[in-house]
$ cat my_file04.cif   # mmCIF, C-alpha atoms
data_target
loop_
_atom_site.label_atom_id
_atom_site.label_comp_id
_atom_site.auth_asym_id
_atom_site.auth_seq_id
_atom_site.Cartn_x
_atom_site.Cartn_y
_atom_site.Cartn_z
CA MET J 8 3.50 128.12 -76.91
CA ALA J 9 6.23 128.59 -79.45
CA GLN J 10 6.09 131.54 -81.75
CA GLN J 11 5.40 130.69 -85.36
CA HIS J 12 7.68 132.11 -88.02
CA LEU J 13 5.92 132.26 -91.35
CA ASP J 14 7.58 132.50 -94.72
CA PRO J 15 6.63 135.87 -96.22
CA THR J 16 6.76 134.32 -99.68
CA ASP J 17 4.53 131.35 -98.87
CA PRO J 18 1.29 131.72 -100.85
CA ARG J 19 -0.56 129.54 -98.35
CA THR J 20 -0.32 132.26 -95.71
CA GLY J 21 -2.30 134.77 -97.69
CA SER J 22 0.41 137.10 -98.89
CA GLY J 23 -0.76 137.14 -102.47
CA PRO J 24 -3.65 139.08 -103.96
CA GLY J 25 -7.04 137.56 -103.38
CA SER J 26 -5.79 135.09 -100.79
CA GLY J 27 -6.86 134.68 -97.22
CA PRO J 28 -10.28 135.20 -95.66
CA GLY J 29 -12.33 138.17 -96.60
CA SER J 30 -10.63 138.82 -99.90
CA GLU J 31 -13.92 139.80 -101.45
CA SER J 32 -15.17 142.03 -98.64
CA GLY J 33 -11.94 143.79 -97.74
CA PRO J 34 -11.53 147.32 -99.03
CA LYS J 35 -8.97 147.71 -101.72
CA THR J 36 -6.11 150.10 -101.45
CA GLY J 37 -6.18 151.39 -104.97
CA PRO J 38 -3.55 151.17 -107.68
CA ARG J 39 -0.45 150.91 -105.55
CA THR J 40 -1.07 154.08 -103.57
CA GLY J 41 -0.91 154.81 -99.91
CA LEU J 42 2.62 153.69 -99.09
CA THR J 43 5.83 155.26 -100.15
CA THR J 44 8.92 153.31 -101.09
CA GLY J 45 11.31 155.90 -99.77
CA PRO J 46 12.24 159.55 -99.73
CA THR J 47 14.55 159.44 -102.72
CA ALA J 48 13.41 160.42 -106.19
CA GLY J 49 16.46 159.09 -108.03
CA PRO J 50 17.97 155.60 -108.22
CA VAL J 51 19.35 154.09 -105.03
CA SER J 52 22.60 152.23 -105.50
CA ALA J 53 23.47 148.92 -103.87
CA GLU J 54 26.06 150.72 -101.76
CA ALA J 55 23.23 151.90 -99.52
CA LEU J 56 22.32 148.25 -98.87
CA ALA J 57 25.96 147.36 -98.28
CA GLY J 58 26.31 150.13 -95.72
CA TYR J 59 23.08 149.09 -94.00
CA LEU J 60 24.15 145.44 -93.79
CA ARG J 61 27.57 146.38 -92.47
CA ALA J 62 25.96 148.54 -89.78
CA GLN J 63 23.56 145.77 -88.73
CA ALA J 64 26.37 143.20 -88.70
CA THR J 65 28.40 145.50 -86.47
CA GLU J 66 25.40 145.86 -84.16
CA PHE J 67 25.05 142.06 -84.06
CA LEU J 68 28.68 141.62 -83.04
CA ARG J 69 28.44 144.38 -80.45
CA ALA J 70 25.34 142.80 -78.92
CA LEU J 71 27.04 139.40 -78.88
CA ARG J 72 30.01 140.85 -77.02
CA LEU J 73 27.72 142.55 -74.49
CA HIS J 74 25.80 139.32 -73.99
CA ARG J 75 28.98 137.41 -73.22
CA GLU J 76 30.19 140.11 -70.86
CA ALA J 77 26.85 140.19 -69.03
CA GLY J 78 26.95 136.46 -68.46
CA ALA J 79 24.26 133.82 -68.66
CA GLY J 80 22.60 131.23 -66.48
CA ALA J 81 22.81 132.02 -62.77
CA ALA J 82 24.95 135.08 -63.46
CA ALA J 83 22.52 136.55 -65.98
CA SER J 84 21.42 140.15 -65.64
CA GLU J 85 19.16 142.65 -67.31
CA GLY J 86 22.09 143.57 -69.55
CA SER J 87 22.14 140.07 -71.05
CA VAL J 88 18.42 140.34 -71.82
CA GLU J 89 18.92 143.68 -73.58
CA ALA J 90 21.85 142.21 -75.49
CA ALA J 91 19.69 139.25 -76.58
CA LEU J 92 17.01 141.67 -77.80
CA ALA J 93 19.65 143.59 -79.77
CA LEU J 94 20.88 140.32 -81.28
CA ARG J 95 17.33 139.53 -82.41
CA ARG J 96 16.80 142.99 -83.87
CA SER J 97 19.95 142.95 -85.95
CA ALA J 98 19.40 139.34 -87.07
CA ARG J 99 15.85 140.18 -88.22
CA ARG J 100 17.02 143.23 -90.16
CA ILE J 101 19.83 141.39 -91.88
CA SER J 102 17.56 138.46 -92.77
CA GLY J 103 14.77 140.75 -93.98
CA SER J 104 17.15 142.78 -96.14
CA LEU J 105 18.59 139.60 -97.65
CA HIS J 106 15.06 138.56 -98.59
CA THR J 107 13.96 141.90 -100.07
CA PHE J 108 17.16 142.74 -101.95
CA GLN J 109 18.25 139.22 -102.87
CA ALA J 110 18.59 140.21 -106.54
CA VAL J 111 21.73 142.27 -105.83
CA LEU J 112 23.31 139.78 -103.40
CA ASP J 113 25.21 136.58 -104.00
CA PRO J 114 22.37 134.01 -104.22
CA ASP J 115 24.19 131.07 -102.63
CA TRP J 116 25.42 133.11 -99.70
CA SER J 117 22.06 134.81 -99.21
CA GLU J 118 20.05 131.57 -99.28
CA ALA J 119 22.43 130.00 -96.78
CA MET J 120 22.36 132.97 -94.38
CA ARG J 121 18.63 133.69 -94.20
CA PRO J 122 17.47 130.48 -92.49
CA GLU J 123 20.36 130.63 -90.04
CA LEU J 124 19.54 134.18 -89.00
CA ALA J 125 15.86 133.23 -88.68
CA TRP J 126 16.92 130.35 -86.43
CA VAL J 127 18.93 132.70 -84.20
CA SER J 128 16.11 135.22 -83.94
CA GLY J 129 13.43 132.60 -83.33
CA THR J 130 15.44 130.74 -80.70
CA LEU J 131 16.22 133.88 -78.73
CA ALA J 132 12.59 135.04 -78.93
CA LEU J 133 11.04 132.03 -77.20
CA GLU J 134 12.09 132.84 -73.64
CA HIS J 135 10.95 136.45 -73.83
CA ALA J 136 7.66 135.35 -75.41
CA CYS J 137 6.90 132.94 -72.55
CA SER J 138 7.62 135.64 -69.96
CA ALA J 139 5.49 138.24 -71.70
CA ARG J 140 2.66 135.76 -72.21
CA LEU J 141 2.58 134.78 -68.55
CA GLU J 142 2.61 138.39 -67.42
CA ARG J 143 -0.18 139.26 -69.84
CA LEU J 144 -2.41 136.39 -68.73
CA LEU J 145 -1.92 136.98 -65.00
CA GLN J 146 -2.67 140.66 -65.40
CA ALA J 147 -5.81 139.78 -67.35
CA LEU J 148 -6.90 137.41 -64.58
CA HIS J 149 -6.58 140.15 -61.99
CA ARG J 150 -8.31 142.66 -64.24
CA LEU J 151 -11.23 140.32 -64.90
CA SER J 152 -11.53 139.59 -61.18
CA GLY J 153 -11.69 143.27 -60.30
CA THR J 154 -8.48 143.16 -58.27
CA ALA J 155 -5.45 145.38 -58.34
CA VAL J 156 -2.77 144.59 -60.89
CA LEU J 157 0.01 142.20 -60.05
CA PRO J 158 3.00 143.47 -58.04
CA ALA J 159 5.70 144.98 -60.19
CA GLN J 160 7.83 142.20 -61.64
CA GLY J 161 10.00 144.31 -63.91
CA PRO J 162 9.84 144.12 -67.68
CA ALA J 163 8.79 140.88 -69.27
CA GLY J 164 11.77 138.62 -69.62
CA ALA J 165 13.86 140.78 -67.28
CA GLY J 166 16.12 137.88 -66.57
CA PRO J 167 16.74 134.39 -67.88
CA ALA J 168 15.67 131.33 -65.99
CA GLY J 169 17.76 130.61 -62.95
CA GLY J 170 18.98 134.18 -62.52
CA PRO J 171 17.54 137.46 -61.29
CA GLY J 172 14.11 137.71 -62.74
CA GLY J 173 14.12 134.03 -63.73
CA PRO J 174 12.52 130.99 -62.15
CA GLY J 175 14.13 130.43 -58.79
CA GLY J 176 15.89 133.81 -58.88
CA PRO J 177 15.59 136.03 -55.81
CA ALA J 178 14.52 139.11 -57.76
CA ARG J 179 11.55 137.45 -59.47
CA SER J 180 8.12 137.92 -57.92
CA SER J 181 6.67 134.41 -58.04
CA ALA J 182 3.21 134.30 -59.60
CA PRO J 183 2.01 131.44 -57.38
CA ALA J 184 3.04 133.46 -54.34
CA ALA J 185 1.14 136.48 -55.64
CA VAL J 186 -1.90 134.33 -56.28
CA ALA J 187 -1.64 132.53 -52.96
CA ALA J 188 -1.55 135.85 -51.17
CA THR J 189 -5.08 136.52 -52.32
CA ALA J 190 -6.46 132.97 -52.46
CA PRO J 191 -7.20 132.36 -48.72
CA ALA J 192 -9.64 135.26 -48.57
CA THR J 193 -11.66 133.79 -51.42
CA THR J 194 -12.64 130.55 -49.72
CA ALA J 195 -15.25 132.25 -47.55
CA ALA J 196 -16.57 135.23 -49.46
CA PRO J 197 -14.81 136.34 -52.63
CA GLY J 198 -14.92 140.11 -52.96
CA ARG J 199 -13.96 142.78 -55.40
CA GLY J 200 -10.44 142.93 -54.01
CA SER J 201 -9.48 139.26 -54.25
CA LEU J 202 -9.31 136.45 -56.79
CA THR J 203 -11.85 133.66 -56.86
CA VAL J 204 -10.65 130.15 -56.16
CA GLY J 205 -10.97 129.24 -59.84
CA ALA J 206 -8.99 132.27 -60.96
CA ALA J 207 -6.29 131.62 -58.37
CA LYS J 208 -5.90 128.02 -59.48
CA ALA J 209 -5.96 129.08 -63.13
CA GLY J 210 -3.14 131.54 -62.45
CA ALA J 211 -1.11 128.87 -60.66
CA LEU J 212 -1.64 126.44 -63.54
CA LEU J 213 -0.60 129.01 -66.14
CA ASP J 214 2.45 129.91 -64.09
CA ARG J 215 3.57 126.28 -63.89
CA GLN J 216 3.09 125.63 -67.59
CA LEU J 217 4.60 128.85 -68.93
CA THR J 218 7.46 128.92 -66.43
CA LEU J 219 8.36 125.39 -67.50
CA ALA J 220 8.20 126.46 -71.14
CA ARG J 221 10.34 129.49 -70.36
CA THR J 222 12.94 127.38 -68.56
CA ARG J 223 13.16 125.04 -71.51
CA ALA J 224 13.42 127.98 -73.91
CA HIS J 225 16.22 129.45 -71.80
CA SER J 226 18.12 126.17 -71.88
CA THR J 227 17.59 125.92 -75.63
CA ALA J 228 18.91 129.46 -76.11
CA LEU J 229 22.01 128.76 -74.03
CA GLN J 230 22.71 125.61 -76.00
CA ALA J 231 22.18 127.45 -79.26
CA LEU J 232 24.52 130.30 -78.34
CA GLY J 233 27.24 127.80 -77.47
CA SER J 234 26.76 125.56 -80.49
CA SER J 235 29.01 125.29 -83.51
CA ARG J 236 26.04 126.29 -85.66
CA PHE J 237 25.78 129.67 -83.94
CA HIS J 238 29.53 130.22 -84.07
CA ALA J 239 29.39 129.61 -87.82
CA VAL J 240 26.65 132.23 -88.13
CA ALA J 241 28.66 134.70 -86.02
CA ASP J 242 31.72 134.13 -88.21
CA LYS J 243 29.69 134.89 -91.35
CA VAL J 244 28.25 138.01 -89.75
CA ALA J 245 31.77 139.11 -88.81
CA VAL J 246 32.78 138.81 -92.45
CA LEU J 247 29.64 140.70 -93.45
CA ALA J 248 30.66 143.60 -91.20
CA SER J 249 33.57 144.28 -93.54
CA GLU J 250 32.56 142.76 -96.88
CA VAL J 251 29.10 142.44 -98.42
CA PRO J 252 28.90 139.81 -101.21
CA LEU J 253 27.16 141.76 -103.96
CA THR J 254 26.59 140.44 -107.45
CA PRO J 255 28.49 141.94 -110.41
CA ALA J 256 25.25 143.50 -111.62
CA ALA J 257 24.86 145.40 -108.35
CA ASP J 258 27.01 148.26 -109.66
CA THR J 259 24.17 149.40 -111.92
CA ALA J 260 21.23 148.12 -109.86
CA ASP J 261 18.51 150.30 -108.34
CA LEU J 262 17.13 149.31 -104.93
CA ARG J 263 13.78 150.99 -105.43
CA PRO J 264 12.12 148.19 -107.49
CA PRO J 265 12.79 145.51 -104.84
CA ALA J 266 11.52 147.86 -102.14
CA GLU J 267 8.44 148.56 -104.27
CA ALA J 268 7.86 144.79 -104.60
CA ALA J 269 7.96 144.45 -100.81
CA ARG J 270 5.42 147.26 -100.54
CA GLU J 271 3.16 145.62 -103.12
CA ARG J 272 3.20 142.32 -101.24
CA LEU J 273 2.14 144.17 -98.09
CA VAL J 274 -0.64 146.08 -99.86
CA ASP J 275 -1.96 142.89 -101.46
CA ALA J 276 -1.92 141.03 -98.15
CA VAL J 277 -3.78 143.85 -96.39
CA ALA J 278 -6.32 143.96 -99.23
CA ALA J 279 -7.05 140.29 -98.57
CA LEU J 280 -7.82 140.95 -94.89
CA PRO J 281 -11.45 141.34 -93.79
CA LEU J 282 -10.98 145.00 -92.88
CA ILE J 283 -14.71 145.72 -93.11
CA THR J 284 -15.35 143.08 -90.45
CA ALA J 285 -12.43 144.39 -88.40
CA GLY J 286 -13.98 147.85 -88.67
CA SER J 287 -16.83 146.72 -86.43
CA PRO J 288 -16.28 147.07 -82.68
CA TYR J 289 -17.55 143.52 -82.14
CA ASN J 290 -16.75 140.72 -84.55
CA ALA J 291 -19.05 137.80 -83.83
CA GLU J 292 -17.42 135.76 -86.60
CA ALA J 293 -14.25 135.57 -84.53
CA LEU J 294 -16.06 133.41 -81.97
CA ALA J 295 -17.27 130.87 -84.54
CA HIS J 296 -14.42 128.49 -83.64
CA GLY J 297 -14.18 129.43 -79.98
CA LEU J 298 -15.42 126.05 -78.72
CA SER J 299 -13.70 123.92 -81.33
CA PRO J 300 -11.81 120.93 -79.90
CA ASP J 301 -9.14 121.40 -82.56
CA PRO J 302 -5.95 122.65 -80.84
CA ALA J 303 -4.69 124.19 -84.09
CA PRO J 304 -4.23 127.99 -84.19
CA HIS J 305 -7.28 130.10 -84.80
CA PRO J 306 -8.07 130.03 -88.56
CA GLN J 307 -8.52 133.81 -88.77
CA ASP J 308 -5.13 134.65 -87.27
CA ALA J 309 -2.67 133.40 -89.90
CA PRO J 310 -3.34 136.13 -92.54
CA TRP J 311 -2.89 138.82 -89.87
CA HIS J 312 0.38 137.29 -88.70
CA GLN J 313 1.51 137.26 -92.31
CA VAL J 314 0.69 140.96 -92.72
CA ARG J 315 2.75 141.67 -89.62
CA LEU J 316 5.79 139.98 -91.19
CA LEU J 317 5.29 141.75 -94.51
CA LEU J 318 4.94 145.10 -92.74
CA ARG J 319 8.23 144.43 -90.99
CA LEU J 320 9.93 143.65 -94.31
CA HIS J 321 8.56 146.87 -95.77
CA ARG J 322 9.86 148.88 -92.81
CA TYR J 323 13.31 147.34 -93.17
CA ALA J 324 13.34 148.15 -96.89
CA LEU J 325 12.47 151.76 -96.04
CA GLU J 326 15.35 151.87 -93.57
CA VAL J 327 17.73 150.96 -96.38
CA LEU J 328 16.31 153.68 -98.63
CA TYR J 329 16.38 156.21 -95.81
CA ARG J 330 20.04 155.46 -95.35
CA ALA J 331 20.58 156.56 -98.94
CA ALA J 332 18.40 159.61 -98.31
CA GLY J 333 20.45 160.49 -95.24
CA THR J 334 23.63 160.37 -97.29
CA ALA J 335 22.04 162.61 -99.90
CA ALA J 336 20.74 164.95 -97.20
CA ALA J 337 24.24 165.49 -95.91
CA ALA J 338 25.14 166.93 -99.28
CA GLU J 339 21.83 168.59 -100.18
CA PRO J 340 19.20 168.52 -97.43
CA THR J 341 16.52 170.29 -99.43
CA ALA J 342 16.59 167.79 -102.27
CA ALA J 343 16.46 164.79 -99.92
CA PHE J 344 13.28 165.88 -98.19
CA SER J 345 11.30 167.41 -101.04
CA THR J 346 9.56 164.23 -102.24
CA SER J 347 6.22 162.70 -101.40
CA ALA J 348 7.59 160.94 -98.32
CA PHE J 349 7.99 164.36 -96.66
CA PRO J 350 5.39 166.60 -98.31
CA THR J 351 6.43 170.21 -98.46
CA THR J 352 2.79 171.26 -97.94
CA ALA J 353 2.64 169.54 -94.56
CA PRO J 354 6.10 169.66 -92.96
CA ALA J 355 4.67 168.74 -89.56
CA ALA J 356 3.39 165.34 -90.74
CA PRO J 357 5.22 162.35 -89.25
CA PRO J 358 7.49 160.38 -91.57
CA PRO J 359 6.14 157.11 -93.04
CA GLY J 360 8.20 155.07 -90.58
CA LEU J 361 6.23 156.48 -87.65
CA ARG J 362 2.92 155.88 -89.40
CA LEU J 363 3.89 152.29 -90.13
CA LEU J 364 5.09 151.90 -86.55
CA ALA J 365 1.58 152.52 -85.21
CA ALA J 366 0.15 149.85 -87.51
CA GLY J 367 2.96 147.48 -86.54
CA GLU J 368 2.25 147.97 -82.84
CA ALA J 369 -1.39 147.02 -83.40
CA LEU J 370 -0.30 143.84 -85.16
CA ASP J 371 2.14 143.09 -82.34
CA ARG J 372 -0.73 143.34 -79.86
CA HIS J 373 -2.75 141.08 -82.15
CA ARG J 374 0.00 138.46 -82.13
CA ASP J 375 0.45 138.64 -78.34
CA ALA J 376 -3.28 138.33 -77.63
CA SER J 377 -3.67 135.49 -80.13
CA GLU J 378 -0.86 133.46 -78.57
CA ALA J 379 -2.09 134.26 -75.04
CA SER J 380 -5.56 132.97 -75.92
CA ALA J 381 -3.98 129.80 -77.29
CA ALA J 382 -2.04 129.36 -74.03
CA ALA J 383 -5.26 129.76 -72.01
CA ALA J 384 -7.02 127.20 -74.21
CA HIS J 385 -4.08 124.81 -73.83
CA ALA J 386 -4.22 125.14 -70.05
CA ALA J 387 -7.99 124.51 -70.09
CA ARG J 388 -7.35 121.13 -71.73
CA THR J 389 -5.30 119.97 -68.73
CA PRO J 390 -6.86 116.76 -67.38
CA ARG J 391 -8.58 116.69 -63.99
CA ILE J 392 -8.86 120.41 -63.38
CA THR J 393 -11.83 121.70 -61.41
CA PRO J 394 -14.84 123.22 -63.17
CA ALA J 395 -14.10 126.59 -61.52
CA THR J 396 -10.56 126.55 -62.93
CA ALA J 397 -11.80 125.58 -66.38
CA TYR J 398 -14.40 128.35 -66.25
CA ALA J 399 -11.78 130.95 -65.30
CA LEU J 400 -9.55 129.81 -68.17
CA GLY J 401 -12.52 129.97 -70.55
CA VAL J 402 -13.26 133.54 -69.53
CA LEU J 403 -9.58 134.36 -69.93
CA HIS J 404 -9.54 132.82 -73.42
CA ALA J 405 -12.60 134.84 -74.45
CA ASP J 406 -11.03 138.01 -73.04
CA GLN J 407 -7.89 137.52 -75.10
CA ARG J 408 -9.93 136.84 -78.23
CA HIS J 409 -11.66 140.17 -77.64
CA GLU J 410 -8.19 141.72 -77.34
CA VAL J 411 -7.43 140.18 -80.74
CA GLU J 412 -10.46 141.91 -82.22
CA ALA J 413 -9.52 145.20 -80.56
CA ALA J 414 -6.05 144.99 -82.11
CA ARG J 415 -7.55 144.30 -85.55
CA TYR J 416 -9.84 147.28 -85.14
CA ALA J 417 -6.88 149.47 -84.14
CA PHE J 418 -4.90 148.29 -87.16
CA GLN J 419 -7.84 148.98 -89.46
CA ARG J 420 -8.14 152.52 -88.12
CA SER J 421 -4.40 153.13 -88.30
CA TRP J 422 -4.10 151.72 -91.81
CA GLN J 423 -6.99 153.68 -93.26
CA LYS J 424 -6.27 156.95 -91.48
CA ASP J 425 -2.51 157.19 -91.03
CA VAL J 426 -0.99 155.04 -93.78
CA LEU J 427 -3.38 155.34 -96.70
CA GLY J 428 -4.09 158.97 -95.88
CA SER J 429 -0.42 159.92 -95.74
CA LEU J 430 -0.12 160.96 -99.37
#

$ encode --input "my_file04.cif" --output "structure tokens"
Amino acid sequence: MAQQHLDPTDPRTGSGPGSGPGSESGPKTGPRTGLTTGPTAGPVSAEALAGYLRAQATEFLRALRLHREAGAGAAASEGSVEAALALRRSARRISGSLHTFQAVLDPDWSEAMRPELAWVSGTLALEHACSARLERLLQALHRLSGTAVLPAQGPAGAGPAGGPGGPGGPARSSAPAAVAATAPATTAAPGRGSLTVGAAKAGALLDRQLTLARTRAHSTALQALGSSRFHAVADKVAVLASEVPLTPAADTADLRPPAEAARERLVDAVAALPLITAGSPYNAEALAHGLSPDPAPHPQDAPWHQVRLLLRLHRYALEVLYRAAGTAAAAEPTAAFSTSAFPTTAPAAPPPGLRLLAAGEALDRHRDASEASAAAAHAARTPRITPATAYALGVLHADQRHEVEAARYAFQRSWQKDVLGSL
């Protein structure tokens, strides 16, 4: 299942006030309180953004060099996977900063760069997403069957397809082999230490489908990294590492208003979420569409995915402002850390970035469980599968939907306690 990349500015995804489900029942966050736009009290010049973009562009080029040195295809290694993750991180930060602070950047250049960086990040994310989804579903199958967890396979996406950790690679622990090791004992009398026949066949089916998807994603990523389109993006990033195209008005611009606008979009999107419903340990409304024949994504998930993207944009905007605060701290540390972001009455409190990180992790778990449930539902629609296999996939789908609700509950607790209570 491909990851969906939503436009943070698209009003159809519930980023505006009063949009999305539960806009009437969700608790409001008050008049723009609860999140801080940065640790600086004075204006933040565009030079902070220029320095941040140069640093991220340098990181992008470094990761690209490491990826080429590590190799790809059959010669791929864990280093190439880490380099691909670094490429994605820097591409997301550059693209997010171009979106938030577009008023101080050359509009033509910014509008041309953002979709290209999103393409790079999205293409490189597909292979890792398939690996993580397969590992998550197989572990859930074993957990639901009362068996021990799967044998250690290394981190998700520890190697591209065809290499160590990839399909056909010697270092990868094959999921069908792990399932087959327990399947024979289930034909006579399934016990607490072995998978049922339906669960074993469900695991084999998921492995075939997601491994095929991962192989295709790996081939797509290799083609993308060798394409003229990617080389054009890399050339533009190389120029960005030395020269940031700012507008003439950037000399007198303040970065705090754009960062505040990113924060407001996040607060409005969270206010539209059904946080009261998510505050309940069991959300029966989430199962209302559980048996729907419509293969479209779950209707409740899109606003939460949108909040995840807006939270990421807010974090990136804070990173830019913190860069300015770090420069000021080098000259006058006391002044840089005496604002509301670091209250002097509670010096032991974690910085806002750490508080937002906990909420972001809950939304990441929400996204992973949502896409895993969709993969289980997709596998259950496979023609001519046995009733036992379909039943196992149905239980797996319901389990992942419960994981979705658990992640929403965790986000609700983190948002109300850590983020809104931080000031």

$ closest_residue --input "my_file04.cif" --among "J:Leu370, J:Leu320, J:Leu217, J:Leu151" --to "Ile101 of chain J" --atoms "all atoms listed in the file"
J:Leu320

$ closest_atom_pairs --input "my_file04.cif" --of "segment 384-425 of chain J" --to "segment 371-374 of chain J" --cutoff "7 Å" --atoms "all atoms listed in the file" --output "JSON lines"
{"residue": "J:Val411", "atom": "CA", "partner": "J:His373", "partner_atom": "CA", "distance": 5.0}
{"residue": "J:Ala414", "atom": "CA", "partner": "J:His373", "partner_atom": "CA", "distance": 5.1}
{"residue": "J:Arg415", "atom": "CA", "partner": "J:His373", "partner_atom": "CA", "distance": 6.7}

$ atom_distance --input "my_file04.cif" --atom1 "atom CA of Gln307 of chain J" --atom2 "atom CA of Ala417 of chain J"
16.4 Å

$ closest_residue --input "my_file04.cif" --among "J:Gln230, J:Gly58, J:Leu219, J:Val51" --to "Ser249 of chain J" --atoms "all atoms listed in the file"
J:Gly58

$ closest_residue --input "my_file04.cif" --among "J:Arg95, J:Arg215, J:His106, J:Arg100" --to "Gly129 of chain J" --atoms "only C-alpha atoms"
J:Arg95

$ resolve_selection --input "my_file04.cif" --expression "the PyMOL selection byres ((chain J and resi 235-248) around 12)" --output "JSON, numbers by chain"
{"J": [56, 57, 58, 59, 60, 61, 62, 63, 64, 65, 66, 67, 68, 69, 70, 71, 72, 94, 97, 98, 101, 102, 105, 112, 116, 117, 119, 120, 121, 122, 123, 124, 125, 126, 127, 128, 130, 131, 228, 229, 230, 231, 232, 233, 234, 249, 250, 251, 252, 253]}

$ residues_around --input "my_file04.cif" --residues "segment 270-274 of chain J" --least-positions-apart "2" --cutoff "6 Å" --atoms "all atoms listed in the file" --output "short mmCIF file (atom, residue, chain, number, x, y, z; two decimals) with C-alpha atoms, in the frame of the given file"
data_model
loop_
_atom_site.label_atom_id
_atom_site.label_comp_id
_atom_site.auth_asym_id
_atom_site.auth_seq_id
_atom_site.Cartn_x
_atom_site.Cartn_y
_atom_site.Cartn_z
CA GLU J 267 8.44 148.56 -104.27
CA ALA J 268 7.86 144.79 -104.60
CA ALA J 276 -1.92 141.03 -98.15
CA VAL J 277 -3.78 143.85 -96.39
CA LEU J 317 5.29 141.75 -94.51
CA HIS J 321 8.56 146.87 -95.77
#

$ atom_distance --input "my_file04.cif" --atom1 "atom CA of Gly103 of chain J" --atom2 "atom CA of Phe418 of chain J"
22.1 Å

$ atom_distance --input "my_file04.cif" --atom1 "atom CA of Ser152 of chain J" --atom2 "atom CA of Glu134 of chain J"
27.5 Å

$ resolve_selection --input "my_file04.cif" --expression "the PyMOL selection byres ((chain J and resi 319) around 10)" --output "PyMOL selection string"
chain J and resi 99-100+103+269+273+313-318+320-325+363-364+367
